[in-house]
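Below: the structure, in structure tokens.
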Amino acid sequence: MRITAEAQAKQAVAMNEKAKHDAQPTRAVAATLAGVGKTFTSKGRQVDALQGIDLTVREGEYVVVLGPSGCGKSTLIRCIAGLESPTAGTIELGGKTVYDAERSITTSMHKRDVGMVFQNYALWPHMTIQKNVAYPLKMRRVPNAERVKRVAEVLEVLACDHLAGRLPAELSGGQQQRVALARALVYEPALLLLDEPLSNLDALLKVSLRSELLRLHRLLGYTGIHITHDQEEALEMGDRVVLMREGKIEQMGPPEEVYRRPVSPYAANFLGVRNRVKVTLSGGHLEHNGRILGTTKLTNRIPSGQEGLELFVRARDTHVVRGPAVEDGASDQIKVEGTIAQVVLGDGGRRQYVVDIGGHFWYAQHPESEGLTPGESVHVRVQSDMALLYQGDNLIDL
Ligand SMILES: Nc1ncnc2c1ncn2[C@@H]1O[C@H](COP(=O)(O)OP(=O)(O)OP(=O)(O)O)[C@@H](O)[C@H]1O
């Protein structure tokens, strides 16, 4: 979304201003979306940014919405906040309808008890940190003494108390995002929406702020909806992960489930399953480019005559072994012969072996023999139950 920092600052303040403080522990609310659609019309063109979104986020749950650029994540969160009006469906927050296309109900963003944090922090550049965080309280005419107390409390929770007298430009990106969080939380909103809050931060800071966000969520108990295009962030942070694809929900579930069973090649690809090869079923064998893939029993569980099959395997589930594949008959393994093309430093500083399996690269992480070097003949080996097999867009249940 291309919105100016100034406009975002106004939106964030306006929403946070209205999130009511009642001196109680935070009241989390559920968010329920049914059949939500949003079509943008600009210059005679229509874009269906959201289509038929059904999603319930439970009270106190932390849901991470994941997807590539343009899949509708920001539009979704902006519709929940009231910054954007959907064109179909209903939205309920805490059991109250805040949007209903058919009944023409649209509650303004000021009346939704929602806090929001943006990717680019959206702080007021000319105000000190203390004033930035106090601003929404001031707008609601919270008395000065109470304001000072609450700002000090929230800055302390976020370990930003020592920054109170500085201007945003005098802070690092991570510090600015902490302050933006403080401003969103100073009202103890029942629902916190986070629009790519970590995307502008460097890798190390990202990881520490992930833990910080989870700690705050546990401490304060609000319902959280966090959007990101980073699969690692989503899997680490979400009680549930919602994967989006072209304005629709492709898959949702607990992170372990989404990680283990991506429902489609799109989901597998987005969740970092790097090895993807077309396979055929022939004479009871699974084959790639006319070569039999080991002694896999996957074929026992697939009806014969299937077309459009694709095998997906994670690099971290692949072993690479020197020499040709030996048929031992006993194990249920996929084996593919090839040649080491590259040895590179991959995820988490682990050596990654790139194996040329006949014009196609296969990534493997576990060497069974030390000192493998480019040009060597090897085979890659995978336990069949770690493989994912798809037919067209569907996961075959093996
Ligand atoms: N105001 C608008 N007018 C016209 N089209 C829009 C508008 N806002 C978003 N879109 C379109 O709607 C689709 C979804 O956009 P959205 O910003 O929600 O995606 P996103 O997943 O958040 O992407 P990003 O991570 O790049 O922000 C895109 O095709 C986008 O071009």
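Each chain in the structure tokens gets a letter, A, B, ..., in the order shown, and its residues are numbered from 1; ligands are numbered from 1 in order too.
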Practice item. Compute the set of protein, DNA and RNA residues whose minimum atom distance to ligand 1 is at most 6 Å, using only C-alpha atoms and all ligand atoms, and state it as a list in words. Key: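 Using only C-alpha atoms and all ligand atoms, everything at most 6 Å from ligand 1 comes to Met1, Phe40, Ser42, Val47, Ala49, Pro68, Ser69, Gly70, Cys71, Gly72, Lys73, Ser74 and Thr75 of chain A.
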Please write the residues from the selection above to a file, keeping N, CA and C atoms, as a compact mmCIF listing (two decimals), in the first residue's frame.
```txt
# COMPACT_ATOMS: atom_id res chain seq x y z
N MET A 1 0.85 -1.18 0.00
CA MET A 1 0.00 0.00 0.00
C MET A 1 0.89 1.23 0.00
N PHE A 40 -11.71 -3.35 -5.78
CA PHE A 40 -11.29 -1.97 -6.06
C PHE A 40 -11.60 -1.68 -7.53
N SER A 42 -10.53 1.08 -10.25
CA SER A 42 -9.79 2.31 -10.56
C SER A 42 -9.47 2.34 -12.04
N VAL A 47 -10.22 -4.80 -9.48
CA VAL A 47 -9.32 -5.77 -8.84
C VAL A 47 -10.08 -6.39 -7.67
N ALA A 49 -9.58 -7.77 -4.65
CA ALA A 49 -8.50 -7.90 -3.66
C ALA A 49 -8.83 -8.95 -2.62
N PRO A 68 2.20 -13.71 -0.37
CA PRO A 68 3.09 -12.85 -1.15
C PRO A 68 2.48 -11.48 -1.39
N SER A 69 3.30 -10.59 -1.91
CA SER A 69 2.84 -9.24 -2.21
C SER A 69 1.64 -9.30 -3.16
N GLY A 70 0.61 -8.52 -2.83
CA GLY A 70 -0.55 -8.42 -3.72
C GLY A 70 -1.64 -9.45 -3.45
N CYS A 71 -1.46 -10.33 -2.44
CA CYS A 71 -2.48 -11.38 -2.23
C CYS A 71 -3.67 -10.87 -1.42
N GLY A 72 -3.58 -9.64 -0.90
CA GLY A 72 -4.73 -9.06 -0.20
C GLY A 72 -4.59 -8.94 1.31
N LYS A 73 -3.40 -9.18 1.84
CA LYS A 73 -3.20 -9.16 3.30
C LYS A 73 -3.54 -7.79 3.89
N SER A 74 -2.96 -6.74 3.29
CA SER A 74 -3.19 -5.40 3.84
C SER A 74 -4.65 -5.01 3.72
N THR A 75 -5.26 -5.38 2.60
CA THR A 75 -6.67 -5.04 2.41
C THR A 75 -7.51 -5.72 3.50
```
Exercise for review: Would you please give, as a ChimeraX atom specification, all residues of region 197-240 of chain A that DSSP assigns to alpha helix (DSSP H) based on the backbone?
Suggested key: /A:203-220,231-237
Practice item. Tell me, as a list in words, which residues lie within 7 Å of region 224-227 of chain A, counting only C-alpha atoms; anything in the same chain fewer than 3 positions away does not count. Key: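 Here the answer would be Glu61, Tyr62, Val63, Val64, Val65, Leu66, Lys73, Leu191, Leu192, Leu193, Leu194, Asp195 and Glu196 of chain A.
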Keeping N, CA and C atoms, export the residues of the selection given above as a CSV table (one decimal), in the first residue's frame.
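Here's the written file again.csv:
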```
chain,number,residue,atom,x,y,z
A,61,GLU,N,-6.5,-14.9,20.7
A,61,GLU,CA,-5.7,-15.7,19.8
A,61,GLU,C,-4.7,-14.8,19.0
A,62,TYR,N,-3.6,-15.3,18.6
A,62,TYR,CA,-2.7,-14.5,17.8
A,62,TYR,C,-2.6,-15.2,16.5
A,63,VAL,N,-3.2,-14.6,15.5
A,63,VAL,CA,-3.2,-15.2,14.1
A,63,VAL,C,-2.3,-14.5,13.2
A,64,VAL,N,-1.5,-15.2,12.4
A,64,VAL,CA,-0.6,-14.6,11.5
A,64,VAL,C,-1.1,-14.9,10.1
A,65,VAL,N,-1.4,-13.8,9.3
A,65,VAL,CA,-1.8,-13.9,7.9
A,65,VAL,C,-0.6,-13.8,7.0
A,66,LEU,N,-0.4,-14.8,6.2
A,66,LEU,CA,0.8,-15.0,5.4
A,66,LEU,C,0.5,-15.0,3.9
A,73,LYS,N,-3.4,-9.2,1.8
A,73,LYS,CA,-3.2,-9.2,3.3
A,73,LYS,C,-3.5,-7.8,3.9
A,191,LEU,N,-8.3,-5.6,20.3
A,191,LEU,CA,-7.8,-6.2,19.1
A,191,LEU,C,-6.6,-5.4,18.6
A,192,LEU,N,-5.5,-6.1,18.4
A,192,LEU,CA,-4.3,-5.4,17.8
A,192,LEU,C,-4.0,-5.9,16.4
A,193,LEU,N,-4.0,-5.0,15.5
A,193,LEU,CA,-3.7,-5.4,14.1
A,193,LEU,C,-2.3,-4.9,13.7
A,194,LEU,N,-1.5,-5.8,13.2
A,194,LEU,CA,-0.1,-5.5,12.9
A,194,LEU,C,0.2,-5.7,11.5
A,195,ASP,N,0.5,-4.7,10.7
A,195,ASP,CA,0.6,-4.7,9.3
A,195,ASP,C,2.1,-4.8,8.9
A,196,GLU,N,2.6,-6.0,8.7
A,196,GLU,CA,4.1,-6.2,8.5
A,196,GLU,C,5.0,-5.4,9.4
```
Residue neighbourhood Gly173 (chain A), 10 Å, only C-alpha atoms, exclusion window fewer than 4 positions, as a compact mmCIF listing (two decimals) with C-alpha atoms, in the first residue's frame:
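Final file, part.txt:
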```txt
# COMPACT_ATOMS: atom_id res chain seq x y z
CA ASN A 120 6.83 2.15 8.64
CA TYR A 121 6.06 3.01 12.31
CA PRO A 168 11.64 9.62 16.32
CA ALA A 169 14.50 10.53 13.96
CA GLN A 177 8.70 0.15 16.08
CA ARG A 178 8.69 -0.44 19.85
CA VAL A 179 7.40 3.11 20.34
CA LEU A 198 8.90 -6.36 11.33
CA ASN A 200 11.65 -2.85 7.83
CA LEU A 201 13.98 -4.27 10.46
CA ASP A 202 17.26 -6.09 9.99
CA LEU A 205 16.28 -7.32 15.27
```
Point to revise | Spatial neighbours of region 78-93 of chain A, 8 Å, only C-alpha atoms, chain gap at least 2 places, as a PyMOL selection string | key: chain A and resi 11+29-39+52+74-76+95-102+106-109+112+114+116+193
Would you put the residues from that selection into a file with N, CA and C atoms, as an mmCIF file, in the first residue's frame?
```cif
data_model
loop_
_atom_site.group_PDB
_atom_site.id
_atom_site.type_symbol
_atom_site.label_atom_id
_atom_site.label_comp_id
_atom_site.auth_asym_id
_atom_site.auth_seq_id
_atom_site.Cartn_x
_atom_site.Cartn_y
_atom_site.Cartn_z
ATOM 1 N N GLN A 11 -4.080 7.890 10.993
ATOM 2 C CA GLN A 11 -4.967 6.735 11.132
ATOM 3 C C GLN A 11 -4.680 5.985 12.430
ATOM 4 N N VAL A 29 -11.189 -9.514 22.180
ATOM 5 C CA VAL A 29 -12.442 -9.818 21.482
ATOM 6 C C VAL A 29 -12.176 -10.778 20.328
ATOM 7 N N ALA A 30 -13.236 -11.490 19.946
ATOM 8 C CA ALA A 30 -13.129 -12.340 18.760
ATOM 9 C C ALA A 30 -13.427 -11.484 17.532
ATOM 10 N N ALA A 31 -12.832 -11.848 16.412
ATOM 11 C CA ALA A 31 -13.135 -11.173 15.141
ATOM 12 C C ALA A 31 -13.679 -12.239 14.197
ATOM 13 N N THR A 32 -14.854 -11.966 13.619
ATOM 14 C CA THR A 32 -15.464 -12.945 12.722
ATOM 15 C C THR A 32 -15.769 -12.312 11.377
ATOM 16 N N LEU A 33 -15.181 -12.876 10.349
ATOM 17 C CA LEU A 33 -15.431 -12.384 8.996
ATOM 18 C C LEU A 33 -16.186 -13.472 8.239
ATOM 19 N N ALA A 34 -17.255 -13.090 7.555
ATOM 20 C CA ALA A 34 -18.009 -14.077 6.771
ATOM 21 C C ALA A 34 -18.244 -13.526 5.373
ATOM 22 N N GLY A 35 -17.776 -14.259 4.404
ATOM 23 C CA GLY A 35 -17.989 -13.892 2.993
ATOM 24 C C GLY A 35 -17.464 -12.512 2.625
ATOM 25 N N VAL A 36 -16.374 -12.096 3.276
ATOM 26 C CA VAL A 36 -15.896 -10.726 3.030
ATOM 27 C C VAL A 36 -15.211 -10.625 1.664
ATOM 28 N N GLY A 37 -15.644 -9.643 0.896
ATOM 29 C CA GLY A 37 -15.042 -9.376 -0.409
ATOM 30 C C GLY A 37 -14.697 -7.908 -0.518
ATOM 31 N N LYS A 38 -13.698 -7.614 -1.317
ATOM 32 C CA LYS A 38 -13.368 -6.212 -1.580
ATOM 33 C C LYS A 38 -12.913 -6.096 -3.031
ATOM 34 N N THR A 39 -13.666 -5.324 -3.788
ATOM 35 C CA THR A 39 -13.285 -5.074 -5.177
ATOM 36 C C THR A 39 -12.923 -3.607 -5.313
ATOM 37 N N GLY A 52 -14.707 -13.785 -0.755
ATOM 38 C CA GLY A 52 -15.311 -14.823 0.106
ATOM 39 C C GLY A 52 -14.465 -15.219 1.298
ATOM 40 N N SER A 74 -2.964 -6.741 3.289
ATOM 41 C CA SER A 74 -3.194 -5.397 3.838
ATOM 42 C C SER A 74 -4.651 -5.015 3.722
ATOM 43 N N THR A 75 -5.258 -5.378 2.598
ATOM 44 C CA THR A 75 -6.669 -5.042 2.410
ATOM 45 C C THR A 75 -7.505 -5.717 3.496
ATOM 46 N N LEU A 76 -7.168 -6.963 3.811
ATOM 47 C CA LEU A 76 -7.903 -7.705 4.835
ATOM 48 C C LEU A 76 -7.829 -6.992 6.183
ATOM 49 N N GLY A 95 -18.592 -9.731 18.885
ATOM 50 C CA GLY A 95 -20.021 -10.020 18.775
ATOM 51 C C GLY A 95 -20.841 -8.882 18.180
ATOM 52 N N LYS A 96 -20.225 -7.723 17.961
ATOM 53 C CA LYS A 96 -20.975 -6.597 17.367
ATOM 54 C C LYS A 96 -20.679 -6.499 15.887
ATOM 55 N N THR A 97 -21.715 -6.340 15.089
ATOM 56 C CA THR A 97 -21.510 -6.203 13.648
ATOM 57 C C THR A 97 -20.938 -4.815 13.365
ATOM 58 N N VAL A 98 -19.754 -4.792 12.775
ATOM 59 C CA VAL A 98 -19.164 -3.484 12.428
ATOM 60 C C VAL A 98 -19.234 -3.244 10.921
ATOM 61 N N TYR A 99 -19.519 -4.335 10.181
ATOM 62 C CA TYR A 99 -19.728 -4.172 8.740
ATOM 63 C C TYR A 99 -20.712 -5.240 8.261
ATOM 64 N N ASP A 100 -21.690 -4.808 7.502
ATOM 65 C CA ASP A 100 -22.616 -5.748 6.873
ATOM 66 C C ASP A 100 -23.031 -5.144 5.532
ATOM 67 N N ALA A 101 -22.572 -5.772 4.459
ATOM 68 C CA ALA A 101 -22.813 -5.207 3.122
ATOM 69 C C ALA A 101 -24.315 -5.115 2.842
ATOM 70 N N GLU A 102 -25.061 -6.182 3.180
ATOM 71 C CA GLU A 102 -26.484 -6.195 2.819
ATOM 72 C C GLU A 102 -27.302 -5.224 3.641
ATOM 73 N N THR A 106 -21.843 0.111 8.501
ATOM 74 C CA THR A 106 -20.390 0.350 8.511
ATOM 75 C C THR A 106 -20.072 1.182 9.738
ATOM 76 N N THR A 107 -19.443 0.553 10.714
ATOM 77 C CA THR A 107 -19.024 1.292 11.905
ATOM 78 C C THR A 107 -17.699 1.958 11.587
ATOM 79 N N SER A 108 -17.591 3.245 11.897
ATOM 80 C CA SER A 108 -16.350 3.947 11.551
ATOM 81 C C SER A 108 -15.187 3.387 12.368
ATOM 82 N N MET A 109 -14.001 3.603 11.855
ATOM 83 C CA MET A 109 -12.826 3.036 12.526
ATOM 84 C C MET A 109 -12.692 3.585 13.946
ATOM 85 N N ARG A 112 -14.326 1.307 16.518
ATOM 86 C CA ARG A 112 -13.883 -0.083 16.682
ATOM 87 C C ARG A 112 -12.744 -0.058 17.705
ATOM 88 N N VAL A 114 -9.841 -1.000 18.346
ATOM 89 C CA VAL A 114 -8.744 -1.655 17.631
ATOM 90 C C VAL A 114 -7.491 -0.784 17.651
ATOM 91 N N MET A 116 -3.534 -0.313 15.959
ATOM 92 C CA MET A 116 -2.868 -0.751 14.727
ATOM 93 C C MET A 116 -1.407 -0.311 14.705
ATOM 94 N N LEU A 193 -3.966 -4.987 15.472
ATOM 95 C CA LEU A 193 -3.683 -5.359 14.082
ATOM 96 C C LEU A 193 -2.269 -4.907 13.747
#
```
Practice item. State, in Å with one decimal place, the distance from CA of Glu307 (chain A) to CA of Lys278 (chain A). Key: 9.8 Å
Check your understanding: Out of region 145-261 of chain A, which residues get strand (DSSP E) from DSSP, as a list in words?
Key ->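 Filtering region 145-261 of chain A to strand (DSSP E) leaves Leu191, Leu192, Leu193, Leu194, Asp195, Thr223, Gly224, Ile225, His226, Ile227, Thr228, Arg240, Val241, Val242, Leu243, Met244, Arg245, Lys248, Ile249, Glu250, Gln251, Met252 and Gly253 of chain A.
Counting only C-alpha atoms and comparing A:Glu250, A:Asp113, A:Glu337, A:Asp48, the residue that lies closest to Pro324 (chain A) is A:Glu337.
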Point to revise | Spatial neighbours of Pro367 (chain A), max dist 10 Å, only C-alpha atoms, sep filter under 5 positions, as a ChimeraX atom specification | key: /A:318-322,351-353,372,380
